[in-house]
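Enquirer: Next up, structure31.txt (compact mmCIF, C-alpha atoms and all ligand atoms).
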# COMPACT_ATOMS: atom_id res chain seq x y z
CA MET A 1 0.00 0.00 0.00
CA ARG A 2 2.72 2.42 1.06
CA LYS A 3 4.83 1.44 -1.94
CA LYS A 4 1.90 2.07 -4.27
CA ALA A 5 1.33 5.53 -2.91
CA ALA A 6 5.02 6.34 -3.22
CA LEU A 7 4.98 5.11 -6.83
CA ILE A 8 1.98 7.34 -7.68
CA VAL A 9 3.71 10.37 -6.17
CA LEU A 10 6.85 9.59 -8.13
CA LEU A 11 4.86 9.18 -11.32
CA VAL A 12 3.05 12.48 -10.82
CA VAL A 13 6.31 14.30 -10.11
CA ALA A 14 8.01 12.69 -13.09
CA THR A 15 5.12 13.50 -15.46
CA GLY A 16 5.02 17.04 -14.14
CA SER A 17 8.74 17.49 -14.70
CA VAL A 18 8.52 16.14 -18.25
CA CYS A 19 5.57 18.43 -19.02
CA PHE A 20 7.44 21.36 -17.54
CA TRP A 21 10.49 20.51 -19.65
CA VAL A 22 8.43 20.15 -22.84
CA ILE A 23 6.48 23.37 -22.29
CA SER A 24 9.59 25.34 -21.44
CA LYS A 25 11.16 24.08 -24.69
CA ILE A 26 8.11 25.10 -26.71
CA TYR A 27 7.73 28.48 -25.04
CA PRO A 28 11.28 29.31 -24.00
CA GLN A 29 10.42 32.91 -23.10
CA THR A 30 7.44 32.02 -21.06
CA GLU A 31 7.84 32.03 -17.36
CA ILE A 32 6.19 29.04 -15.88
CA ALA A 33 5.11 29.87 -12.45
CA VAL A 34 2.17 29.62 -10.18
CA VAL A 35 -0.31 32.18 -11.45
CA LYS A 36 -1.06 34.71 -8.74
CA PRO A 37 -4.55 36.17 -8.57
CA VAL A 38 -4.58 39.55 -10.35
CA VAL A 39 -4.96 42.38 -7.85
CA ALA A 40 -5.80 45.89 -9.09
CA LYS A 41 -2.63 47.87 -8.53
CA PRO A 42 -3.31 50.84 -6.28
CA GLU A 43 -2.66 54.24 -7.84
CA LYS A 44 0.75 55.65 -7.05
CA PRO A 45 0.35 57.69 -3.88
CA VAL A 46 0.92 61.43 -4.08
CA ILE A 47 1.86 62.50 -0.60
CA LYS A 48 1.32 66.18 0.06
CA TYR A 49 0.01 68.13 3.06
CA GLY A 50 0.37 64.92 5.08
CA MET A 51 -2.23 63.06 3.01
CA ASN A 52 -2.45 60.93 -0.08
CA LEU A 53 -3.82 63.21 -2.79
CA ALA A 54 -4.27 60.20 -5.12
CA GLU A 55 -7.35 59.32 -3.05
CA PHE A 56 -9.04 62.54 -4.12
CA LYS A 57 -10.08 64.46 -7.18
CA VAL A 58 -7.72 67.43 -6.94
CA SER A 59 -8.23 70.92 -8.31
CA ASN A 60 -6.58 74.26 -7.63
CA HIS A 61 -7.97 77.71 -7.04
CA ILE A 62 -5.74 80.77 -7.13
CA VAL A 63 -6.96 83.49 -4.74
CA GLN A 64 -8.11 86.47 -6.81
CA GLN A 65 -7.77 90.17 -5.99
CA ASN A 66 -10.31 91.18 -3.29
CA GLU A 67 -11.55 87.62 -2.97
CA ILE A 68 -12.61 86.58 0.53
CA PHE A 69 -12.38 83.12 2.03
CA ALA A 70 -16.15 82.70 2.42
CA GLY A 71 -16.52 83.70 -1.23
CA ILE A 72 -14.18 80.96 -2.38
CA LEU A 73 -16.00 78.32 -0.34
CA SER A 74 -19.45 79.37 -1.53
CA GLN A 75 -18.24 79.16 -5.16
CA TYR A 76 -17.63 75.47 -4.52
CA ASN A 77 -21.06 74.83 -2.99
CA VAL A 78 -19.86 74.60 0.60
CA ALA A 79 -22.85 74.99 2.94
CA GLY A 80 -23.33 78.33 4.65
CA ARG A 81 -23.27 76.83 8.13
CA THR A 82 -19.93 75.12 7.42
CA ILE A 83 -18.52 78.46 6.22
CA ASN A 84 -19.78 80.15 9.40
CA PHE A 85 -18.36 77.43 11.58
CA LEU A 86 -14.95 77.67 9.91
CA SER A 87 -14.95 81.47 10.07
CA ASN A 88 -15.48 81.34 13.83
CA ALA A 89 -13.30 78.34 14.54
CA SER A 90 -10.38 79.63 12.47
CA GLN A 91 -9.79 82.73 14.59
CA LYS A 92 -7.18 81.16 16.84
CA ILE A 93 -5.52 79.18 14.06
CA PHE A 94 -5.50 81.36 11.00
CA ASN A 95 -6.87 84.82 10.32
CA LEU A 96 -9.06 84.33 7.25
CA SER A 97 -8.78 88.00 6.27
CA LYS A 98 -5.08 87.37 5.68
CA ILE A 99 -5.56 85.26 2.56
CA LYS A 100 -3.45 86.74 -0.21
CA ALA A 101 -4.30 87.18 -3.86
CA GLY A 102 -2.12 84.91 -5.97
CA ASN A 103 -1.79 82.20 -3.34
CA ASN A 104 -2.98 78.70 -4.11
CA CYS A 105 -5.85 76.74 -2.60
CA THR A 106 -5.98 73.01 -3.28
CA LEU A 107 -9.48 71.54 -3.29
CA LEU A 108 -9.92 67.86 -2.59
CA CYS A 109 -13.15 66.15 -3.66
CA ASP A 110 -14.31 62.58 -3.41
CA LYS A 111 -13.32 60.61 -6.52
CA ASN A 112 -16.90 59.56 -7.19
CA ASP A 113 -18.43 62.92 -6.48
CA SER A 114 -19.85 64.23 -9.74
CA ILE A 115 -20.85 67.62 -8.36
CA HIS A 116 -17.35 68.35 -7.02
CA THR A 117 -18.14 69.35 -3.46
CA PRO A 118 -14.76 69.67 -1.77
CA LYS A 119 -14.12 67.61 1.35
CA LYS A 120 -11.00 69.55 2.17
CA LEU A 121 -9.45 72.84 1.21
CA VAL A 122 -5.75 73.45 1.73
CA TYR A 123 -4.67 77.09 1.69
CA GLU A 124 -0.98 77.62 0.97
CA GLU A 125 0.04 80.50 3.20
CA SER A 126 3.60 80.24 1.89
CA LYS A 127 5.64 77.60 0.12
CA VAL A 128 6.31 76.12 3.56
CA ASP A 129 3.16 76.74 5.63
CA TYR A 130 -0.37 75.62 4.84
CA VAL A 131 -3.74 75.47 6.55
CA VAL A 132 -6.10 72.52 6.10
CA PHE A 133 -9.85 73.14 6.31
CA ASN A 134 -11.85 69.95 6.69
CA LEU A 135 -15.23 70.69 5.20
CA ASP A 136 -17.19 67.49 5.80
CA SER A 137 -16.52 67.27 9.52
CA PRO A 138 -15.48 70.90 9.99
CA SER A 139 -12.09 71.39 11.57
CA ILE A 140 -8.94 73.39 10.89
CA TYR A 141 -5.28 72.71 11.41
CA ARG A 142 -1.95 74.08 10.30
CA GLY A 143 0.80 72.12 8.66
CA GLN A 144 4.27 72.61 7.33
CA ASN A 145 5.85 71.08 4.27
CA LYS A 146 9.06 69.23 4.89
CA ILE A 147 12.00 71.56 4.30
CA ASP A 148 14.96 69.97 2.66
CA HIS A 149 18.22 71.82 3.49
CA ARG A 150 20.92 71.31 0.91
CA GLN A 151 24.28 72.65 -0.05
CA ARG A 152 24.34 73.40 -3.75
CA GLU A 153 27.21 73.98 -6.11
CA VAL A 154 26.35 75.76 -9.33
CA GLY A 155 28.16 77.48 -12.14
CA GLY A 156 27.24 79.14 -15.41
CA VAL A 157 28.14 81.46 -18.24
CA ILE A 158 26.16 84.65 -18.61
CA LYS A 159 24.28 84.89 -21.89
CA SER A 160 22.21 88.02 -21.41
CA SER A 161 21.59 89.25 -17.88
CA LEU A 162 22.66 87.60 -14.64
CA TYR A 163 19.02 87.23 -13.65
CA GLU A 164 17.99 85.52 -16.90
CA THR A 165 21.01 83.22 -16.81
CA PHE A 166 20.03 82.13 -13.32
CA GLU A 167 16.47 81.44 -14.39
CA GLU A 168 17.62 79.42 -17.42
CA ASN A 169 19.91 77.38 -15.16
CA ASN A 170 17.23 76.57 -12.58
CA ILE A 171 18.93 78.76 -9.99
CA ASN A 172 16.83 80.87 -7.62
CA PRO A 173 17.30 84.51 -8.79
CA ALA A 174 17.55 85.55 -5.12
CA LEU A 175 21.08 84.17 -5.36
CA ALA A 176 21.92 86.79 -8.01
CA VAL A 177 20.88 89.54 -5.61
CA ARG A 178 23.04 88.07 -2.83
CA MET A 179 26.04 87.76 -5.10
CA SER A 180 25.69 91.35 -6.27
CA GLU A 181 25.70 92.45 -2.61
CA ILE A 182 28.85 90.48 -1.82
CA PHE A 183 30.68 91.87 -4.85
CA ALA A 184 29.09 95.34 -4.53
CA TRP A 185 32.45 97.08 -4.09
CA THR A 186 34.32 94.90 -6.57
CA ILE A 187 32.12 94.35 -9.62
CA ASP A 188 29.69 96.73 -11.30
CA PHE A 189 26.74 94.42 -11.82
CA TYR A 190 25.19 96.90 -14.22
CA LYS A 191 28.07 96.28 -16.60
CA ILE A 192 28.09 92.51 -16.71
CA GLN A 193 28.96 91.20 -20.16
CA PRO A 194 27.81 88.05 -21.94
CA GLY A 195 30.58 85.50 -21.43
CA ASP A 196 31.21 86.48 -17.80
CA LYS A 197 31.13 83.38 -15.59
CA PHE A 198 30.25 82.45 -12.05
CA LYS A 199 30.55 79.57 -9.59
CA VAL A 200 28.81 79.42 -6.22
CA VAL A 201 28.67 77.10 -3.23
CA TYR A 202 25.68 77.95 -1.05
CA ASP A 203 22.89 76.66 1.16
CA GLU A 204 19.40 76.39 -0.19
CA ASP A 205 16.08 75.19 1.21
CA PHE A 206 13.67 73.20 -0.92
CA VAL A 207 10.06 72.16 -0.52
CA ASN A 208 8.85 69.45 -2.90
CA GLY A 209 11.88 70.08 -5.08
CA GLU A 210 11.15 73.80 -5.36
CA SER A 211 13.60 76.37 -4.02
CA VAL A 212 12.06 78.37 -1.18
CA TYR A 213 15.04 80.06 0.41
CA VAL A 214 18.60 80.93 -0.51
CA GLY A 215 20.74 80.56 2.59
CA GLU A 216 24.33 81.47 3.23
CA ILE A 217 26.74 81.75 0.32
CA LYS A 218 29.82 79.80 1.40
CA ALA A 219 32.02 80.80 -1.50
CA CYS A 220 31.69 82.30 -4.93
CA MET A 221 33.78 83.21 -7.89
CA PHE A 222 32.88 85.73 -10.53
CA ASN A 223 34.85 86.03 -13.72
CA SER A 224 34.20 89.47 -15.16
CA GLY A 225 36.11 90.86 -18.10
CA GLY A 226 38.49 87.89 -17.92
CA LYS A 227 39.41 88.52 -14.29
CA ASP A 228 38.51 86.19 -11.41
CA PHE A 229 36.99 87.66 -8.26
CA TYR A 230 36.59 85.43 -5.23
CA ALA A 231 34.57 85.73 -2.05
CA PHE A 232 34.73 83.35 0.91
CA HIS A 233 32.50 83.42 3.94
CA TYR A 234 34.52 83.31 7.12
CA LYS A 235 33.93 83.82 10.84
CA LYS A 236 36.77 85.35 12.80
CA GLY A 237 36.88 83.01 15.75
CA LYS A 238 34.02 80.89 17.05
CA ASP A 239 31.64 83.70 17.97
CA GLY A 240 32.78 86.26 15.44
CA ASP A 241 30.42 87.72 12.86
CA GLY A 242 30.68 86.06 9.51
CA ASP A 243 31.84 88.20 6.63
CA TYR A 244 33.22 87.89 3.11
CA TYR A 245 36.88 87.97 2.22
CA ASP A 246 38.77 87.55 -1.03
CA GLU A 247 41.11 84.61 -1.65
CA ASN A 248 43.86 86.36 0.32
CA GLY A 249 41.68 87.20 3.30
CA ASN A 250 41.11 90.86 2.42
CA SER A 251 37.70 92.33 3.26
CA MET A 252 35.23 92.57 0.36
CA LYS A 253 33.86 95.86 1.65
CA LYS A 254 35.30 99.31 1.46
CA GLU A 255 35.32 102.15 3.87
CA PHE A 256 33.62 105.48 3.18
CA LEU A 257 35.69 108.59 3.78
CA LYS A 258 34.55 110.17 7.03
CA ALA A 259 33.99 113.54 5.37
CA PRO A 260 33.77 114.84 1.79
CA VAL A 261 36.19 117.70 2.52
CA LYS A 262 39.52 117.82 4.28
CA PHE A 263 40.21 120.50 6.88
CA SER A 264 36.62 121.39 7.63
CA ARG A 265 34.24 121.56 10.54
CA ILE A 266 30.68 120.33 10.85
CA SER A 267 28.48 123.43 10.96
CA SER A 268 25.15 121.64 11.06
CA LYS A 269 24.40 118.02 11.80
CA TYR A 270 21.76 115.73 10.38
CA SER A 271 18.58 116.45 12.33
CA LEU A 272 14.94 115.66 11.94
CA ASN A 273 14.10 119.15 13.31
CA ARG A 274 16.33 122.22 13.03
CA PHE A 275 15.85 125.98 12.69
CA HIS A 276 16.79 126.89 9.14
CA PRO A 277 19.03 129.98 9.04
CA VAL A 278 17.63 131.19 5.71
CA THR A 279 13.97 130.21 5.71
CA LYS A 280 13.68 130.83 9.50
CA GLU A 281 11.60 127.67 9.76
CA TRP A 282 11.88 124.52 11.85
CA LYS A 283 12.44 121.71 9.42
CA ALA A 284 14.28 118.43 9.10
CA HIS A 285 17.85 118.77 7.88
CA LEU A 286 18.69 115.47 6.29
CA GLY A 287 22.29 116.37 5.53
CA THR A 288 25.51 117.13 7.34
CA ASP A 289 26.99 120.58 6.61
CA TYR A 290 30.74 120.95 6.43
CA ALA A 291 31.85 124.60 6.46
CA ALA A 292 35.02 125.20 4.46
CA ALA A 293 36.72 127.96 2.51
CA PRO A 294 35.19 128.62 -0.93
CA GLY A 295 36.94 126.59 -3.58
CA THR A 296 37.98 123.75 -1.22
CA PRO A 297 37.90 120.49 -3.23
CA ILE A 298 34.94 118.20 -2.50
CA LEU A 299 35.81 114.50 -2.61
CA ALA A 300 33.72 111.44 -3.47
CA THR A 301 33.51 109.52 -0.18
CA ALA A 302 33.55 106.14 -1.97
CA ASP A 303 33.82 104.63 -5.46
CA GLY A 304 30.71 104.92 -7.58
CA VAL A 305 28.94 106.23 -10.65
CA VAL A 306 27.61 109.78 -11.06
CA GLU A 307 23.84 109.79 -11.18
CA GLU A 308 23.16 113.54 -11.29
CA ALA A 309 25.44 116.57 -11.81
CA GLN A 310 23.48 119.77 -12.29
CA PHE A 311 22.07 123.02 -10.83
CA LYS A 312 18.78 123.20 -8.94
CA GLN A 313 17.17 126.15 -7.16
CA PHE A 314 17.73 124.98 -3.57
CA ASN A 315 20.57 122.52 -3.99
CA GLY A 316 22.63 124.87 -6.15
CA ASN A 317 25.33 123.03 -8.10
CA TYR A 318 25.39 119.45 -6.89
CA VAL A 319 26.58 115.94 -7.67
CA LYS A 320 24.83 112.72 -6.68
CA ILE A 321 26.75 109.44 -6.70
CA ARG A 322 25.46 105.87 -6.66
CA HIS A 323 28.00 103.68 -4.85
CA ASN A 324 26.27 100.33 -5.07
CA GLY A 325 22.83 98.83 -4.70
CA GLN A 326 22.65 100.12 -1.15
CA TYR A 327 24.38 103.50 -0.87
CA LYS A 328 24.17 106.88 -2.58
CA THR A 329 25.68 110.22 -1.59
CA GLN A 330 24.97 113.80 -2.65
CA TYR A 331 27.05 116.98 -2.34
CA LEU A 332 25.28 120.38 -2.49
CA HIS A 333 25.98 124.13 -2.91
CA MET A 334 29.16 123.70 -4.99
CA SER A 335 30.72 126.84 -6.44
CA LYS A 336 31.66 124.69 -9.41
CA ILE A 337 30.99 121.09 -10.43
CA GLY A 338 34.19 119.09 -11.10
CA THR A 339 35.26 118.38 -14.67
CA GLY A 340 33.93 115.20 -16.25
CA MET A 341 31.05 114.93 -13.77
CA ARG A 342 28.06 113.81 -15.80
CA PRO A 343 25.55 111.00 -15.34
CA GLY A 344 27.28 107.65 -15.92
CA ALA A 345 30.80 108.90 -15.17
CA LYS A 346 32.80 106.63 -12.87
CA VAL A 347 34.35 108.16 -9.78
CA LYS A 348 36.97 106.84 -7.41
CA GLN A 349 37.03 107.34 -3.68
CA GLY A 350 38.80 110.62 -2.91
CA GLN A 351 38.38 111.95 -6.45
CA VAL A 352 37.56 115.70 -6.69
CA ILE A 353 33.95 116.03 -7.85
CA GLY A 354 33.46 119.78 -7.23
CA TYR A 355 34.40 122.79 -5.08
CA VAL A 356 32.89 124.32 -1.96
CA GLY A 357 30.59 127.28 -2.60
CA MET A 358 27.23 128.68 -1.55
CA THR A 359 25.02 128.25 -4.62
CA GLY A 360 21.35 127.51 -3.98
CA LEU A 361 19.88 128.01 -0.51
CA ALA A 362 22.97 128.69 1.68
CA THR A 363 24.17 131.42 4.05
CA GLY A 364 27.87 130.70 3.83
CA PRO A 365 30.33 128.51 1.97
CA HIS A 366 29.77 124.87 2.90
CA VAL A 367 29.01 121.48 1.41
CA CYS A 368 25.79 119.81 2.46
CA TYR A 369 26.57 116.10 2.43
CA ARG A 370 23.60 113.78 2.05
CA PHE A 371 23.67 110.07 2.48
CA TRP A 372 21.18 107.42 1.33
CA LYS A 373 20.98 103.87 2.58
CA ASP A 374 18.43 101.63 0.84
CA GLY A 375 16.59 104.69 -0.51
CA GLN A 376 16.32 106.44 2.89
CA GLN A 377 18.26 109.54 3.86
CA VAL A 378 20.22 108.68 6.98
CA ASP A 379 22.85 110.26 9.20
CA PRO A 380 26.21 109.05 7.88
CA LEU A 381 27.81 109.76 11.24
CA LYS A 382 25.56 107.15 12.80
CA GLN A 383 26.22 104.46 10.17
CA LYS A 384 28.76 101.74 10.59
CA LEU A 385 30.77 102.74 7.55
CA THR A 386 34.18 101.60 8.61
CA PHE A 387 33.50 98.13 7.28
CA ALA A 388 36.93 97.31 6.09
CA ASP A 389 38.27 95.73 9.26
CA PRO A 390 41.42 94.13 7.97
CA MET A 391 41.72 90.50 9.00
CA PRO A 392 44.14 90.26 11.94
CA THR A 393 47.20 88.14 11.09
CA LYS A 394 46.30 85.62 13.78
CA TYR A 395 43.22 84.63 11.74
CA LYS A 396 44.91 84.39 8.35
CA ALA A 397 46.15 80.82 8.78
CA ASP A 398 42.77 79.75 10.16
CA PHE A 399 41.05 81.44 7.20
CA ILE A 400 43.14 79.42 4.75
CA THR A 401 42.44 76.18 6.65
CA GLN A 402 38.71 76.84 7.05
CA THR A 403 38.22 77.68 3.37
CA LYS A 404 40.30 74.81 1.99
CA GLY A 405 37.36 72.46 1.47
CA VAL A 406 35.14 75.03 -0.17
CA ARG A 407 37.99 76.15 -2.46
CA LEU A 408 38.23 72.60 -3.78
CA LYS A 409 34.46 72.44 -4.25
CA LEU A 410 34.54 75.74 -6.12
CA ALA A 411 37.35 74.54 -8.37
CA ALA A 412 35.40 71.37 -9.24
CA ILE A 413 32.27 73.22 -10.42
CA THR A 414 31.72 73.23 -14.18
CA TYR A 415 29.95 75.88 -16.24
CA THR A 416 27.50 73.48 -17.90
CA LYS A 417 23.77 74.02 -17.70
CA GLN A 418 22.45 73.14 -14.25
CA GLU A 419 19.88 70.41 -13.88
CA SER A 420 16.80 71.27 -11.95
CA PRO A 421 17.30 69.94 -8.41
CA LYS A 422 15.62 66.59 -7.82
CA PRO A 423 13.52 66.06 -4.72
CA ALA A 424 15.40 64.54 -1.81
CA LYS A 425 15.21 60.76 -1.41
CA GLU A 426 12.99 60.92 1.68
CA GLU A 427 10.35 62.78 -0.28
CA SER A 428 10.14 60.16 -3.01
CA VAL A 429 9.44 57.37 -0.53
CA SER A 430 5.88 56.50 -1.42
CA ILE A 431 3.50 54.10 0.28
CA ASP A 432 4.40 51.55 -2.44
CA THR A 433 7.97 51.20 -1.30
CA THR A 434 6.99 51.29 2.34
CA LEU A 435 4.73 48.31 1.67
CA GLN A 436 7.55 46.49 -0.08
CA PHE A 437 9.71 47.09 2.93
CA ALA A 438 6.96 45.78 5.15
CA LYS A 439 6.67 42.63 3.00
CA LYS A 440 10.36 41.96 3.26
CA PHE A 441 10.33 42.15 7.01
CA PHE A 442 7.08 40.37 7.85
ZN ZN B 501 22.74 121.09 4.62
Could you take the file, read its structure, and then write that structure out as structure tokens?

Expert:
Amino acid sequence: MRKKAALIVLLVVATGSVCFWVISKIYPQTEIAVVKPVVAKPEKPVIKYGMNLAEFKVSNHIVQQNEIFAGILSQYNVAGRTINFLSNASQKIFNLSKIKAGNNCTLLCDKNDSIHTPKKLVYEESKVDYVVFNLDSPSIYRGQNKIDHRQREVGGVIKSSLYETFEENNINPALAVRMSEIFAWTIDFYKIQPGDKFKVVYDEDFVNGESVYVGEIKACMFNSGGKDFYAFHYKKGKDGDGDYYDENGNSMKKEFLKAPVKFSRISSKYSLNRFHPVTKEWKAHLGTDYAAAPGTPILATADGVVEEAQFKQFNGNYVKIRHNGQYKTQYLHMSKIGTGMRPGAKVKQGQVIGYVGMTGLATGPHVCYRFWKDGQQVDPLKQKLTFADPMPTKYKADFITQTKGVRLKLAAITYTKQESPKPAKEESVSIDTTLQFAKKFF
């Protein structure tokens, strides 16, 4: 009996093996395996705002000018009582009157809902922060997209403008602004030529692969007119303020001259309220007056480009200089404007731009020195304008050591077109792969 059973088993196995062999010879490409029941593959999850958007019908609504939150909701057939509830309940979480035109709202509807009544609305307050409004069981909560901090190394050749080149190369244009600030005293960014090149190592924050913030520039190189200009971020000592230095450790910033005339005295300070000697009125005096003998040379307090050089009723003969994106200075009541002073002319620090006089509204020979920072007239005596702290020798060796790594990174950057940054690995982990992991372990 036992023998018989064993023989049958052997026969079945043998027949099976022969069949298998024959079939695999006939259909060599065919995989012979146990057929698994076909399971509908779930849609690839789209994880955003802490949920799987693939479970919903998704649409977007861009907030229009003068549009109010209740207005948006009623457009999408949300019941009045839900709107009222959310308006009241939101007060401690998000001020609904703060919704901004141009910002995105994501509306999530049930997949089978033919009339598109949203179950949730997600308002994007910024690229990082969002507010979720649950509309079916009304509730509100805030959320934050995962910020991915990265160090990026980019390089490029300028084709037209710096800004356009950055856009073409998938580089946040905010980086162009930062670079122009660092090189403000070295490179005239208004005169950048096609063919000029740059390399930068910097920190950048991304949300869903999109740049949201340009952090610290660690190092950059700008090749303008065939000459390389370097800037390295360095902190003098552990707690020192970080600043930019060239490859030899020299400060990137320049000092303003303390006064536009030598051998003079301040006859009237910057004041928001002073008694004017000519008009006999109390008025703000947004300049600093330096009394000096008529004809005393007036000097440009820093390098720059002449913006205005002309006569005006109150100012008399004057020159206005743009130093960089941040600073401008103006020199009034000149007896004579210096030769060559016309809009667009370049001036060097200490260059004679005119001579002391009393043209315009003035009681005696003086130069009224006016100083602009970021478009505001400020008191130059109260500004920290002695930027150019030379690096003490004791830090030089440390500077070279600290910047060694970033110098190598900078050298390795190529000028080829930059790829758009890919999302970080963590972000591309979908439920699919998580399940595969789970299968492997259980
Ligand atoms: Zn004045």

Enquirer: Could you please extract the residues within 7 Å of ligand ZN 501 (chain B), counting only C-alpha atoms and all ligand atoms, and hand them back as number ranges by chain?

Expert: A: 268, 285, 287-289, 368-369

Enquirer: Which residues are close to A:Gly316, i.e. within 6 Å by all atoms listed in the file, leaving aside same-chain residues fewer than 3 positions away? Reply as a list in words.

Expert: Phe311, Lys312, Gln313, His333, Thr359 and Gly360 of chain A

Enquirer: Can you tell me how far atom CA of A:Tyr141 sits from atom CA of A:His116, in Å to one decimal?

Expert: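 Distance between the two atoms: 22.5 Å.
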
Enquirer: Can you pull out the residues contacting A:Lys159? Cut-off 7 Å, using all atoms listed in the file, and skip same-chain residues under 4 positions away; I want them as a list of chain:residue names.

Expert: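 Residues meeting the cut-off are A:Thr165, A:Pro194, A:Gly195.
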
Enquirer: Excluding A:Asn103 and its own-chain neighbours fewer than 6 positions away, which residues fall within 12 Å of it when counting all atoms listed in the file? Please give them as number ranges by chain.

Expert: A: 60-65, 67, 69, 122-127, 129-130

Enquirer: Please compute the atom CA of A:Val157-atom CA of A:Lys253 distance, one decimal, in Å.

Expert: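 For atom CA of A:Val157 relative to atom CA of A:Lys253, the distance reads 25.2 Å.
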